[in-house]
file structure32.pdb (PDB, C-alpha atoms)
MODEL        1
ATOM      1  CA  MET A 733     144.202 229.864   8.275
ATOM      2  CA  GLY A 734     146.434 231.642  10.746
ATOM      3  CA  VAL A 735     148.292 233.579   8.043
ATOM      4  CA  ILE A 736     145.079 234.657   6.340
ATOM      5  CA  LYS A 737     143.664 235.900   9.613
ATOM      6  CA  LYS A 738     146.685 238.136  10.140
ATOM      7  CA  LEU A 739     146.787 239.421   6.531
ATOM      8  CA  PRO A 740     144.375 242.363   7.076
ATOM      9  CA  ILE A 741     146.613 243.648   9.892
ATOM     10  CA  TYR A 742     149.637 243.900   7.571
ATOM     11  CA  THR A 743     148.120 244.815   4.228
ATOM     12  CA  GLU A 744     145.748 247.560   5.341
ATOM     13  CA  LYS A 745     148.702 249.670   6.512
ATOM     14  CA  LEU A 746     150.230 249.635   3.016
ATOM     15  CA  PRO A 747     149.097 252.040   0.297
ATOM     16  CA  GLY A 748     146.610 250.127  -1.828
ATOM     17  CA  GLY A 749     146.584 247.326   0.711
ATOM     18  CA  GLY A 750     142.787 247.143   0.756
ATOM     19  CA  LEU A 751     142.841 246.429  -2.969
ATOM     20  CA  ILE A 752     145.217 243.503  -2.476
ATOM     21  CA  LEU A 753     142.975 242.181   0.241
ATOM     22  CA  THR A 754     139.845 242.470  -1.902
ATOM     23  CA  SER A 755     141.512 240.717  -4.809
ATOM     24  CA  LEU A 756     142.834 237.986  -2.547
ATOM     25  CA  GLU A 757     139.386 237.568  -1.073
ATOM     26  CA  THR A 758     137.922 237.147  -4.557
ATOM     27  CA  VAL A 759     140.548 234.619  -5.552
ATOM     28  CA  ILE A 760     140.135 232.543  -2.402
ATOM     29  CA  ASN A 761     136.361 232.665  -2.536
ATOM     30  CA  GLN A 762     136.292 231.702  -6.206
ATOM     31  CA  ALA A 763     138.685 228.848  -5.545
ATOM     32  CA  GLN A 764     136.528 227.575  -2.710
ATOM     33  CA  ALA A 765     133.229 228.003  -4.482
ATOM     34  CA  LYS A 766     134.322 226.327  -7.710
ATOM     35  CA  SER A 767     135.797 223.225  -6.167
ATOM     36  CA  LEU A 768     133.270 221.996  -3.632
ATOM     37  CA  TRP A 769     134.228 218.381  -3.295
ATOM     38  CA  TYR A 770     131.484 216.613  -1.491
ATOM     39  CA  LEU A 771     131.459 213.608   0.768
ATOM     40  CA  LEU A 772     129.294 210.843  -0.605
ATOM     41  CA  PHE A 773     126.889 210.356   2.259
ATOM     42  CA  GLY A 774     123.700 208.863   0.842
ATOM     43  CA  THR A 775     121.527 207.076   3.364
ATOM     44  CA  ALA A 776     118.165 206.794   1.584
ATOM     45  CA  CYS A 777     116.289 207.599  -1.622
ATOM     46  CA  CYS A 778     117.810 211.112  -1.861
ATOM     47  CA  ALA A 779     121.043 209.318  -2.719
ATOM     48  CA  ILE A 780     119.421 208.110  -5.953
ATOM     49  CA  GLU A 781     118.777 211.722  -6.972
ATOM     50  CA  LEU A 782     122.308 212.584  -5.900
ATOM     51  CA  MET A 783     123.654 209.834  -8.152
ATOM     52  CA  CYS A 784     121.445 211.054 -10.971
ATOM     53  CA  THR A 785     122.808 214.581 -10.500
ATOM     54  CA  GLY A 786     126.317 213.212 -10.580
ATOM     55  CA  ALA A 787     125.725 211.304 -13.813
ATOM     56  CA  SER A 788     126.061 212.657 -17.329
ATOM     57  CA  ARG A 789     122.618 214.168 -17.870
ATOM     58  CA  TYR A 790     122.874 216.756 -15.058
ATOM     59  CA  ASP A 791     126.653 216.633 -14.755
ATOM     60  CA  PHE A 792     127.569 217.790 -11.275
ATOM     61  CA  ASP A 793     131.214 218.119 -12.345
ATOM     62  CA  ARG A 794     130.535 221.314 -14.257
ATOM     63  CA  LEU A 795     130.024 223.087 -10.925
ATOM     64  CA  GLY A 796     133.352 221.729  -9.770
ATOM     65  CA  MET A 797     131.664 219.194  -7.527
ATOM     66  CA  ILE A 798     133.355 215.841  -7.424
ATOM     67  CA  PHE A 799     132.471 213.141  -4.961
ATOM     68  CA  ARG A 800     135.001 212.010  -2.422
ATOM     69  CA  ALA A 801     134.852 208.786  -0.510
ATOM     70  CA  THR A 802     136.623 210.108   2.558
ATOM     71  CA  PRO A 803     135.821 213.121   4.747
ATOM     72  CA  ARG A 804     139.502 214.083   4.842
ATOM     73  CA  GLN A 805     139.336 215.211   1.215
ATOM     74  CA  ALA A 806     135.874 216.774   1.285
ATOM     75  CA  ASP A 807     134.805 220.416   1.637
ATOM     76  CA  LEU A 808     131.114 219.722   1.764
ATOM     77  CA  ILE A 809     128.890 217.020   3.142
ATOM     78  CA  ILE A 810     125.616 216.440   1.327
ATOM     79  CA  ALA A 811     123.446 214.604   3.837
ATOM     80  CA  ALA A 812     121.213 212.787   1.363
ATOM     81  CA  GLY A 813     118.583 210.744   3.137
ATOM     82  CA  THR A 814     117.064 209.820   6.456
ATOM     83  CA  ILE A 815     119.383 210.149   9.437
ATOM     84  CA  THR A 816     118.383 207.749  12.169
ATOM     85  CA  LYS A 817     119.307 208.193  15.795
ATOM     86  CA  LYS A 818     121.806 205.401  15.412
ATOM     87  CA  MET A 819     123.380 207.108  12.376
ATOM     88  CA  ALA A 820     123.550 210.576  13.967
ATOM     89  CA  PRO A 821     126.795 210.066  15.940
ATOM     90  CA  ARG A 822     128.418 208.711  12.760
ATOM     91  CA  LEU A 823     127.394 211.825  10.814
ATOM     92  CA  ARG A 824     128.870 214.014  13.546
ATOM     93  CA  ARG A 825     132.043 211.981  13.486
ATOM     94  CA  LEU A 826     132.404 212.356   9.711
ATOM     95  CA  TYR A 827     131.758 216.075  10.034
ATOM     96  CA  ASP A 828     134.447 216.360  12.698
ATOM     97  CA  GLN A 829     136.914 214.555  10.452
ATOM     98  CA  MET A 830     136.509 217.066   7.628
ATOM     99  CA  ALA A 831     139.064 219.853   7.237
ATOM    100  CA  GLU A 832     137.899 223.443   7.571
ATOM    101  CA  PRO A 833     136.327 225.313   5.880
ATOM    102  CA  ARG A 834     133.568 222.707   5.858
ATOM    103  CA  ARG A 835     129.962 223.025   4.859
ATOM    104  CA  VAL A 836     126.796 220.963   5.130
ATOM    105  CA  ILE A 837     123.858 220.661   2.758
ATOM    106  CA  ALA A 838     120.696 219.122   4.194
ATOM    107  CA  MET A 839     119.065 217.430   1.233
ATOM    108  CA  GLY A 840     115.434 216.348   1.424
ATOM    109  CA  GLY A 841     112.659 216.510   3.981
ATOM    110  CA  CYS A 842     114.131 213.878   6.308
ATOM    111  CA  THR A 843     117.275 215.874   7.013
ATOM    112  CA  ILE A 844     115.324 219.107   7.457
ATOM    113  CA  LYS A 845     112.659 218.020   9.930
ATOM    114  CA  GLY A 846     112.259 214.262   9.784
ATOM    115  CA  GLY A 847     110.184 214.325   6.604
ATOM    116  CA  PRO A 848     107.627 211.531   6.326
ATOM    117  CA  PHE A 849     108.993 210.090   9.580
ATOM    118  CA  TYR A 850     108.075 213.164  11.615
ATOM    119  CA  TYR A 851     105.087 211.439  13.200
ATOM    120  CA  ASP A 852     105.068 208.081  14.983
ATOM    121  CA  SER A 853     108.754 207.389  14.565
ATOM    122  CA  TYR A 854     111.041 206.337  17.376
ATOM    123  CA  SER A 855     114.170 205.982  15.300
ATOM    124  CA  VAL A 856     114.502 209.010  13.012
ATOM    125  CA  GLU A 857     116.366 212.157  14.020
ATOM    126  CA  LYS A 858     114.062 215.106  13.420
ATOM    127  CA  GLY A 859     116.437 217.400  11.574
ATOM    128  CA  ILE A 860     120.206 217.098  11.198
ATOM    129  CA  ASP A 861     120.645 220.645  12.524
ATOM    130  CA  HIS A 862     120.516 219.013  15.945
ATOM    131  CA  ILE A 863     123.777 217.297  15.051
ATOM    132  CA  VAL A 864     125.769 219.514  12.670
ATOM    133  CA  PRO A 865     125.442 223.176  11.568
ATOM    134  CA  VAL A 866     123.663 223.320   8.211
ATOM    135  CA  ASP A 867     124.528 225.836   5.470
ATOM    136  CA  MET A 868     121.835 225.072   2.926
ATOM    137  CA  TYR A 869     118.495 223.292   3.091
ATOM    138  CA  ILE A 870     117.062 221.701  -0.040
ATOM    139  CA  PRO A 871     113.416 220.693   0.433
ATOM    140  CA  GLY A 872     111.726 217.916  -1.514
ATOM    141  CA  CYS A 873     111.014 214.237  -1.064
ATOM    142  CA  PRO A 874     113.353 213.544  -2.697
ATOM    143  CA  PRO A 875     114.392 216.836  -4.389
ATOM    144  CA  ARG A 876     114.833 216.637  -8.122
ATOM    145  CA  PRO A 877     118.347 217.077  -9.496
ATOM    146  CA  GLU A 878     117.407 220.619 -10.573
ATOM    147  CA  SER A 879     116.685 221.496  -6.929
ATOM    148  CA  LEU A 880     119.976 220.030  -5.807
ATOM    149  CA  LEU A 881     121.843 221.957  -8.504
ATOM    150  CA  GLU A 882     120.110 225.169  -7.524
ATOM    151  CA  GLY A 883     120.896 224.586  -3.864
ATOM    152  CA  CYS A 884     124.554 224.078  -4.698
ATOM    153  CA  ILE A 885     124.612 227.235  -6.838
ATOM    154  CA  HIS A 886     123.107 229.171  -3.927
ATOM    155  CA  LEU A 887     125.760 227.740  -1.647
ATOM    156  CA  GLN A 888     128.461 228.849  -4.104
ATOM    157  CA  GLU A 889     127.009 232.357  -4.121
ATOM    158  CA  LYS A 890     127.041 232.333  -0.349
ATOM    159  CA  ILE A 891     130.697 231.331  -0.369
ATOM    160  CA  LYS A 892     131.569 234.056  -2.883
ATOM    161  CA  LYS A 893     130.138 236.704  -0.546
ATOM    162  CA  GLN A 894     132.174 235.704   2.482
ATOM    163  CA  LYS A 895     134.756 238.166   3.900
ATOM    164  CA  LEU A 896     138.241 237.228   4.953
ATOM    165  CA  SER A 897     137.747 239.182   8.150
ATOM    166  CA  ASP A 898     134.744 237.002   9.009
ATOM    167  CA  TRP A 899     136.795 233.870   8.975
ATOM    168  CA  GLN A 900     137.266 232.305  12.305
ATOM    169  CA  GLU A 901     138.227 228.920  13.517
ATOM    170  CA  LYS A 902     135.280 227.100  14.935
TER     171      LYS A 902
ATOM    172  CA  MET B  25      99.290 169.660  -0.334
ATOM    173  CA  THR B  26      96.737 172.463  -0.393
ATOM    174  CA  PHE B  27      95.826 174.645   2.560
ATOM    175  CA  ASP B  28      92.712 172.558   3.269
ATOM    176  CA  GLU B  29      94.691 169.328   3.205
ATOM    177  CA  LEU B  30      97.262 170.906   5.492
ATOM    178  CA  LYS B  31      94.502 171.909   7.926
ATOM    179  CA  GLU B  32      93.108 168.365   7.880
ATOM    180  CA  TYR B  33      96.558 166.877   8.406
ATOM    181  CA  ILE B  34      97.270 169.152  11.353
ATOM    182  CA  SER B  35      93.882 168.586  13.003
ATOM    183  CA  ALA B  36      94.477 164.820  12.700
ATOM    184  CA  ASN B  37      98.062 164.789  13.924
ATOM    185  CA  TYR B  38      98.369 167.755  16.279
ATOM    186  CA  PRO B  39      94.945 167.900  17.971
ATOM    187  CA  ASP B  40      96.152 169.004  21.415
ATOM    188  CA  ASP B  41      98.962 171.324  20.425
ATOM    189  CA  MET B  42      97.529 173.667  17.818
ATOM    190  CA  THR B  43      94.221 175.567  17.659
ATOM    191  CA  LEU B  44      93.072 176.857  14.283
ATOM    192  CA  LEU B  45      92.402 180.589  14.007
ATOM    193  CA  ASP B  46      90.205 181.895  11.221
ATOM    194  CA  THR B  47      92.163 183.979   8.701
ATOM    195  CA  GLY B  48      90.012 183.533   5.588
ATOM    196  CA  ARG B  49      91.868 182.508   2.454
ATOM    197  CA  CYS B  50      95.392 183.120   3.744
ATOM    198  CA  GLU B  51      97.719 180.381   4.888
ATOM    199  CA  PRO B  52      96.616 178.373   7.962
ATOM    200  CA  PHE B  53      97.042 180.238  11.214
ATOM    201  CA  TYR B  54      97.345 178.316  14.476
ATOM    202  CA  GLU B  55      97.586 179.253  18.093
ATOM    203  CA  VAL B  56     100.201 177.434  20.124
ATOM    204  CA  LYS B  57     100.616 177.501  23.888
ATOM    205  CA  ALA B  58     103.861 179.156  24.969
ATOM    206  CA  GLU B  59     105.081 176.175  26.973
ATOM    207  CA  LYS B  60     104.587 173.802  24.018
ATOM    208  CA  LEU B  61     106.153 176.067  21.384
ATOM    209  CA  VAL B  62     109.607 174.508  21.044
ATOM    210  CA  ALA B  63     108.268 170.952  21.038
ATOM    211  CA  VAL B  64     105.653 171.777  18.389
ATOM    212  CA  CYS B  65     108.216 173.592  16.220
ATOM    213  CA  LYS B  66     110.567 170.610  16.431
ATOM    214  CA  ARG B  67     107.784 168.234  15.419
ATOM    215  CA  LEU B  68     106.745 170.460  12.510
ATOM    216  CA  ARG B  69     110.310 170.587  11.251
ATOM    217  CA  ASP B  70     110.945 166.843  11.558
ATOM    218  CA  ASP B  71     107.525 165.725  10.287
ATOM    219  CA  GLU B  72     108.053 163.729   7.066
ATOM    220  CA  GLN B  73     104.807 165.065   5.557
ATOM    221  CA  LEU B  74     105.454 168.746   6.357
ATOM    222  CA  LYS B  75     109.215 169.425   6.675
ATOM    223  CA  PHE B  76     108.936 173.034   7.805
ATOM    224  CA  ASP B  77     112.624 173.713   7.271
ATOM    225  CA  TYR B  78     112.451 177.446   6.646
ATOM    226  CA  PHE B  79     111.886 180.121   9.277
ATOM    227  CA  CYS B  80     110.500 183.148   7.372
ATOM    228  CA  ASN B  81     109.668 185.694   9.963
ATOM    229  CA  LEU B  82     108.898 186.433  13.568
ATOM    230  CA  GLY B  83     106.529 189.280  14.253
ATOM    231  CA  GLY B  84     105.344 190.906  17.418
ATOM    232  CA  VAL B  85     101.910 192.305  18.182
ATOM    233  CA  ASP B  86     100.859 194.532  21.058
ATOM    234  CA  THR B  87      97.086 194.664  21.251
ATOM    235  CA  GLY B  88      97.108 196.804  24.385
ATOM    236  CA  GLU B  89      95.974 193.939  26.633
ATOM    237  CA  ARG B  90      98.338 191.179  25.591
ATOM    238  CA  MET B  91     101.444 190.446  23.576
ATOM    239  CA  GLU B  92     101.552 188.104  20.621
ATOM    240  CA  ALA B  93     104.454 186.535  18.806
ATOM    241  CA  VAL B  94     103.711 185.393  15.255
ATOM    242  CA  TYR B  95     105.987 182.823  13.630
ATOM    243  CA  SER B  96     105.832 182.426   9.854
ATOM    244  CA  LEU B  97     107.133 179.114   8.621
ATOM    245  CA  ALA B  98     107.589 177.621   5.199
ATOM    246  CA  SER B  99     108.577 174.318   3.724
ATOM    247  CA  TYR B 100     110.750 174.390   0.621
ATOM    248  CA  SER B 101     110.461 170.724  -0.214
ATOM    249  CA  MET B 102     106.707 170.347   0.417
ATOM    250  CA  LYS B 103     105.805 173.892  -0.785
ATOM    251  CA  LEU B 104     103.813 174.815   2.328
ATOM    252  CA  ARG B 105     103.298 177.851   4.469
ATOM    253  CA  LEU B 106     102.081 178.082   8.033
ATOM    254  CA  ASP B 107     101.742 180.713  10.717
ATOM    255  CA  LEU B 108     101.889 180.138  14.460
ATOM    256  CA  LYS B 109     100.726 182.563  17.079
ATOM    257  CA  VAL B 110     101.753 182.538  20.728
ATOM    258  CA  ILE B 111      99.696 184.653  23.100
ATOM    259  CA  LEU B 112     101.599 186.131  26.023
ATOM    260  CA  PRO B 113     100.708 188.370  28.970
ATOM    261  CA  HIS B 114     101.320 192.084  28.472
ATOM    262  CA  GLU B 115     103.709 192.477  31.387
ATOM    263  CA  ASN B 116     106.712 190.224  32.037
ATOM    264  CA  ALA B 117     106.085 188.237  28.890
ATOM    265  CA  GLU B 118     108.439 185.309  28.431
ATOM    266  CA  ILE B 119     108.904 182.969  25.533
ATOM    267  CA  ASP B 120     111.267 180.104  24.756
ATOM    268  CA  SER B 121     113.841 180.571  22.044
ATOM    269  CA  VAL B 122     113.327 178.442  18.935
ATOM    270  CA  GLN B 123     116.881 178.864  17.706
ATOM    271  CA  GLU B 124     117.674 175.235  18.516
ATOM    272  CA  VAL B 125     115.051 174.384  15.872
ATOM    273  CA  TRP B 126     115.883 177.119  13.343
ATOM    274  CA  PRO B 127     119.140 179.037  14.008
ATOM    275  CA  ALA B 128     117.746 181.843  11.815
ATOM    276  CA  ALA B 129     115.419 182.817  14.646
ATOM    277  CA  ASN B 130     118.319 184.321  16.580
ATOM    278  CA  TRP B 131     118.154 187.854  15.153
ATOM    279  CA  TYR B 132     114.356 187.965  15.089
ATOM    280  CA  GLU B 133     114.211 187.093  18.747
ATOM    281  CA  ARG B 134     116.680 189.828  19.603
ATOM    282  CA  GLU B 135     114.415 192.228  17.735
ATOM    283  CA  LEU B 136     111.328 190.957  19.543
ATOM    284  CA  TRP B 137     113.109 191.406  22.833
ATOM    285  CA  GLU B 138     114.313 194.950  22.276
ATOM    286  CA  LEU B 139     111.246 196.374  20.505
ATOM    287  CA  TYR B 140     108.452 194.652  22.466
ATOM    288  CA  GLY B 141     110.104 193.754  25.732
ATOM    289  CA  VAL B 142     109.341 190.044  25.422
ATOM    290  CA  ASN B 143     112.012 188.179  27.324
ATOM    291  CA  VAL B 144     113.406 185.295  25.283
ATOM    292  CA  LYS B 145     114.602 182.407  27.399
ATOM    293  CA  ASN B 146     117.570 180.212  26.403
ATOM    294  CA  HIS B 147     118.817 182.740  23.867
ATOM    295  CA  ASN B 148     122.575 182.767  23.470
ATOM    296  CA  ASN B 149     123.043 186.460  22.628
ATOM    297  CA  LEU B 150     120.222 188.664  23.842
ATOM    298  CA  THR B 151     121.776 192.083  23.094
ATOM    299  CA  ARG B 152     120.695 195.257  21.281
ATOM    300  CA  PHE B 153     120.177 194.634  17.593
ATOM    301  CA  LEU B 154     118.563 197.575  15.759
ATOM    302  CA  LEU B 155     118.399 200.258  18.431
ATOM    303  CA  PRO B 156     121.456 202.248  19.498
ATOM    304  CA  ASP B 157     123.653 200.441  22.013
ATOM    305  CA  ASP B 158     122.988 203.016  24.731
ATOM    306  CA  TRP B 159     119.209 203.008  24.274
ATOM    307  CA  ASP B 160     117.386 203.525  27.565
ATOM    308  CA  GLN B 161     113.896 204.623  26.532
ATOM    309  CA  GLY B 162     112.011 201.364  26.849
ATOM    310  CA  PHE B 163     110.328 199.308  24.154
ATOM    311  CA  PRO B 164     109.324 201.550  21.226
ATOM    312  CA  MET B 165     106.887 199.219  19.451
ATOM    313  CA  ARG B 166     104.563 198.989  22.438
ATOM    314  CA  LYS B 167     101.244 200.802  22.227
ATOM    315  CA  ASP B 168     101.808 202.810  25.421
ATOM    316  CA  TRP B 169     105.397 203.801  24.596
ATOM    317  CA  ASP B 170     106.325 207.458  24.744
ATOM    318  CA  ALA B 171     109.480 209.575  24.590
ATOM    319  CA  PRO B 172     110.243 213.304  24.828
ATOM    320  CA  ASP B 173     110.778 213.774  21.084
ATOM    321  CA  PHE B 174     108.165 211.269  19.973
ATOM    322  CA  ILE B 175     105.329 212.988  18.105
ATOM    323  CA  ARG B 176     102.105 211.103  17.660
ATOM    324  CA  MET B 177     100.118 211.487  14.461
ATOM    325  CA  PRO B 178      97.149 213.763  15.233
ATOM    326  CA  GLU B 179      93.651 212.410  14.611
ATOM    327  CA  LEU B 180      92.508 213.391  11.137
TER     328      LEU B 180
ENDMDL
END
call {"tool": "encode", "arguments": {"input": "structure32.pdb", "output": "structure tokens"}}
result
Amino acid sequence: MGVIKKLPIYTEKLPGGGLILTSLETVINQAQAKSLWYLLFGTACCAIELMCTGASRYDFDRLGMIFRATPRQADLIIAAGTITKKMAPRLRRLYDQMAEPRRVIAMGGCTIKGGPFYYDSYSVEKGIDHIVPVDMYIPGCPPRPESLLEGCIHLQEKIKKQKLSDWQEK
Amino acid sequence: MTFDELKEYISANYPDDMTLLDTGRCEPFYEVKAEKLVAVCKRLRDDEQLKFDYFCNLGGVDTGERMEAVYSLASYSMKLRLDLKVILPHENAEIDSVQEVWPAANWYERELWELYGVNVKNHNNLTRFLLPDDWDQGFPMRKDWDAPDFIRMPEL
């Protein structure tokens, strides 16, 4: 991360340095976008749709998305399912254990705003954006695999547009 | 033994301890006084005709004026079901633990304690069970419970 942050300072002084930077940006962004390994974090019925998306019919692998069982190896956390107040500190802890750059997808109504547990619930966290920064929201209860795939494709497009100069350590 | 036979048996053998409540065609539903609860449960378990050896469930009810604890019992060997209800005051409710009769009651009583605020006496481990360990917002299953981020369903 440190080297990449300093790259614009060196390369832009060289003739054609901007071109190198642009190409490098493309390569890094493509590499990141096409290998989004996600942390398997299914807490409710959204996890069933996540499993379905991972299985052969929808084939998550073709987007370069492979599930990881540990946050140390994951680039993305798909929060699939209801996050209770007791689970929230655990989600934050898993997020903190992930290496940067890290991203979060909020899958389903529960993670967006509490979903069906918005009213009359003492135990459900009303939106995981109180706990972790969210990159992509996928509505639905639960969302169909097509929605999840589209959300991931949108996230990939978002990653492809990012600039090296925008990178900063959080 | 059918439900009617069970009702007859109980009215003959437990006349002072249990009062029948009308629940229609469901299993027999009896009210038990809080101070007699453990003794009645022990008798029901050891009774040769009943053998209530299985503790199914313990539920709590807050009617707004009083607290209720509902014990669901079953008998594997005699194929019977029975419900007991204990009526408690709304504030400072106390009930005796039945875990010396059925050890399975342990977790249910912890739940009753933390969600309804019913103090369970003679319980060996009365600690937080389902709620977060640092919970300090009272008893969420009570009718009058409220919290800053608690949103009540609007009247439709």
call {"tool": "interface_residues", "arguments": {"input": "structure32.pdb", "of": "chain A", "to": "chain B", "cutoff": "12 Å", "atoms": "all atoms listed in the file", "output": "NGL selection string"}}
result
:A and (816-822 or 846 or 848-859)
call {"tool": "resolve_selection", "arguments": {"input": "structure32.pdb", "expression": "the PyMOL selection byres ((chain B and resi 28-32) around 12)", "output": "PyMOL selection string"}}
result
chain B and resi 25-27+33-39+42-46+48-54+68+73-74+99+102-107
call {"tool": "atom_distance", "arguments": {"input": "structure32.pdb", "atom1": "atom CA of B:Tyr140", "atom2": "atom CA of A:Ile860"}}
result
27.7 Å
call {"tool": "closest_residue", "arguments": {"input": "structure32.pdb", "among": "A:Lys845, A:Lys766, A:Lys738, A:Arg804", "to": "A:Gln829", "atoms": "only C-alpha atoms"}}
result
A:Arg804
call {"tool": "resolve_selection", "arguments": {"input": "structure32.pdb", "expression": "the PyMOL selection byres ((chain B and resi 84-91) around 9)", "output": "MDAnalysis selection string"}}
result
chainID B and resid 82:83 92:95 110:115 117 136 139:140 142 165:168
call {"tool": "resolve_selection", "arguments": {"input": "structure32.pdb", "expression": "the PyMOL selection byres ((chain A and resi 887) around 12)", "output": "ChimeraX atom specification"}}
result
/A:761,764-768,795,797,808,810,834-838,866-870,880-886,888-894
call {"tool": "atom_distance", "arguments": {"input": "structure32.pdb", "atom1": "atom CA of A:Thr754", "atom2": "atom CA of A:Ala806"}}
result
26.2 Å
call {"tool": "residues_around", "arguments": {"input": "structure32.pdb", "residues": "B:Trp126", "least_positions_apart": "6", "cutoff": "9 Å", "atoms": "all atoms listed in the file", "output": "list in words"}}
result
Cys65, Lys66, Arg69, Asp77, Tyr78 and Phe79 of chain B
call {"tool": "atom_distance", "arguments": {"input": "structure32.pdb", "atom1": "atom CA of A:Asp828", "atom2": "atom CA of A:Ile863"}}
result
11.0 Å
call {"tool": "residues_around", "arguments": {"input": "structure32.pdb", "residues": "A:Leu771", "least_positions_apart": "3", "cutoff": "6 Å", "atoms": "only C-alpha atoms", "output": "ChimeraX atom specification"}}
result
/A:799-800,803,806,809
call {"tool": "axis_aligned_box", "arguments": {"input": "structure32.pdb", "around": "stretch 85-101 of chain B", "padding_each_side": "5 Å", "output": "AutoDock Vina command-line options"}}
result
--center_x 103.4 --center_y 183.8 --center_z 13.2 --size_x 24.8 --size_y 36.1 --size_z 36.8
call {"tool": "residues_around", "arguments": {"input": "structure32.pdb", "residues": "B:Glu124", "least_positions_apart": "5", "cutoff": "10 Å", "atoms": "all atoms listed in the file", "output": "PDB file with C-alpha atoms, keeping the file's coordinate frame"}}
result
ATOM      1  CA  VAL B  62     109.607 174.508  21.044  1.00  0.00           C
ATOM      2  CA  CYS B  65     108.216 173.592  16.220  1.00  0.00           C
ATOM      3  CA  LYS B  66     110.567 170.610  16.431  1.00  0.00           C
ATOM      4  CA  ALA B 129     115.419 182.817  14.646  1.00  0.00           C
ATOM      5  CA  ASN B 130     118.319 184.321  16.580  1.00  0.00           C
ATOM      6  CA  ASN B 146     117.570 180.212  26.403  1.00  0.00           C
ATOM      7  CA  HIS B 147     118.817 182.740  23.867  1.00  0.00           C
TER       8      HIS B 147
END
call {"tool": "build_atoms", "arguments": {"input": "structure32.pdb", "residues": "stretch 114-130 of chain B", "atoms": "N, CA and C atoms", "output": "tab-separated table (two decimals), keeping the file's coordinate frame"}}
result
chain	number	residue	atom	x	y	z
B	114	HIS	N	100.76	190.79	28.88
B	114	HIS	CA	101.32	192.08	28.47
B	114	HIS	C	102.58	192.44	29.25
B	115	GLU	N	102.55	192.17	30.56
B	115	GLU	CA	103.71	192.48	31.39
B	115	GLU	C	104.48	191.21	31.69
B	116	ASN	N	105.81	191.34	31.74
B	116	ASN	CA	106.71	190.22	32.04
B	116	ASN	C	106.47	189.03	31.11
B	117	ALA	N	106.29	189.32	29.85
B	117	ALA	CA	106.08	188.24	28.89
B	117	ALA	C	107.39	187.47	28.70
B	118	GLU	N	107.26	186.14	28.63
B	118	GLU	CA	108.44	185.31	28.43
B	118	GLU	C	108.13	184.26	27.39
B	119	ILE	N	109.11	183.98	26.57
B	119	ILE	CA	108.90	182.97	25.53
B	119	ILE	C	110.19	182.18	25.37
B	120	ASP	N	110.08	180.93	24.96
B	120	ASP	CA	111.27	180.10	24.76
B	120	ASP	C	111.86	180.37	23.39
B	121	SER	N	113.17	180.36	23.33
B	121	SER	CA	113.84	180.57	22.04
B	121	SER	C	113.66	179.34	21.16
B	122	VAL	N	113.44	179.58	19.86
B	122	VAL	CA	113.33	178.44	18.93
B	122	VAL	C	114.61	178.30	18.11
B	123	GLN	N	115.69	178.92	18.56
B	123	GLN	CA	116.88	178.86	17.71
B	123	GLN	C	117.55	177.50	17.69
B	124	GLU	N	117.16	176.60	18.65
B	124	GLU	CA	117.67	175.24	18.52
B	124	GLU	C	116.96	174.50	17.38
B	125	VAL	N	115.77	174.99	16.99
B	125	VAL	CA	115.05	174.38	15.87
B	125	VAL	C	115.48	175.04	14.55
B	126	TRP	N	115.41	176.36	14.52
B	126	TRP	CA	115.88	177.12	13.34
B	126	TRP	C	116.88	178.17	13.83
B	127	PRO	N	118.16	178.02	13.55
B	127	PRO	CA	119.14	179.04	14.01
B	127	PRO	C	118.82	180.44	13.49
B	128	ALA	N	118.08	180.54	12.38
B	128	ALA	CA	117.75	181.84	11.82
B	128	ALA	C	116.91	182.69	12.75
B	129	ALA	N	116.29	182.06	13.74
B	129	ALA	CA	115.42	182.82	14.65
B	129	ALA	C	116.20	183.74	15.57
B	130	ASN	N	117.50	183.57	15.63
B	130	ASN	CA	118.32	184.32	16.58
B	130	ASN	C	118.09	185.83	16.49
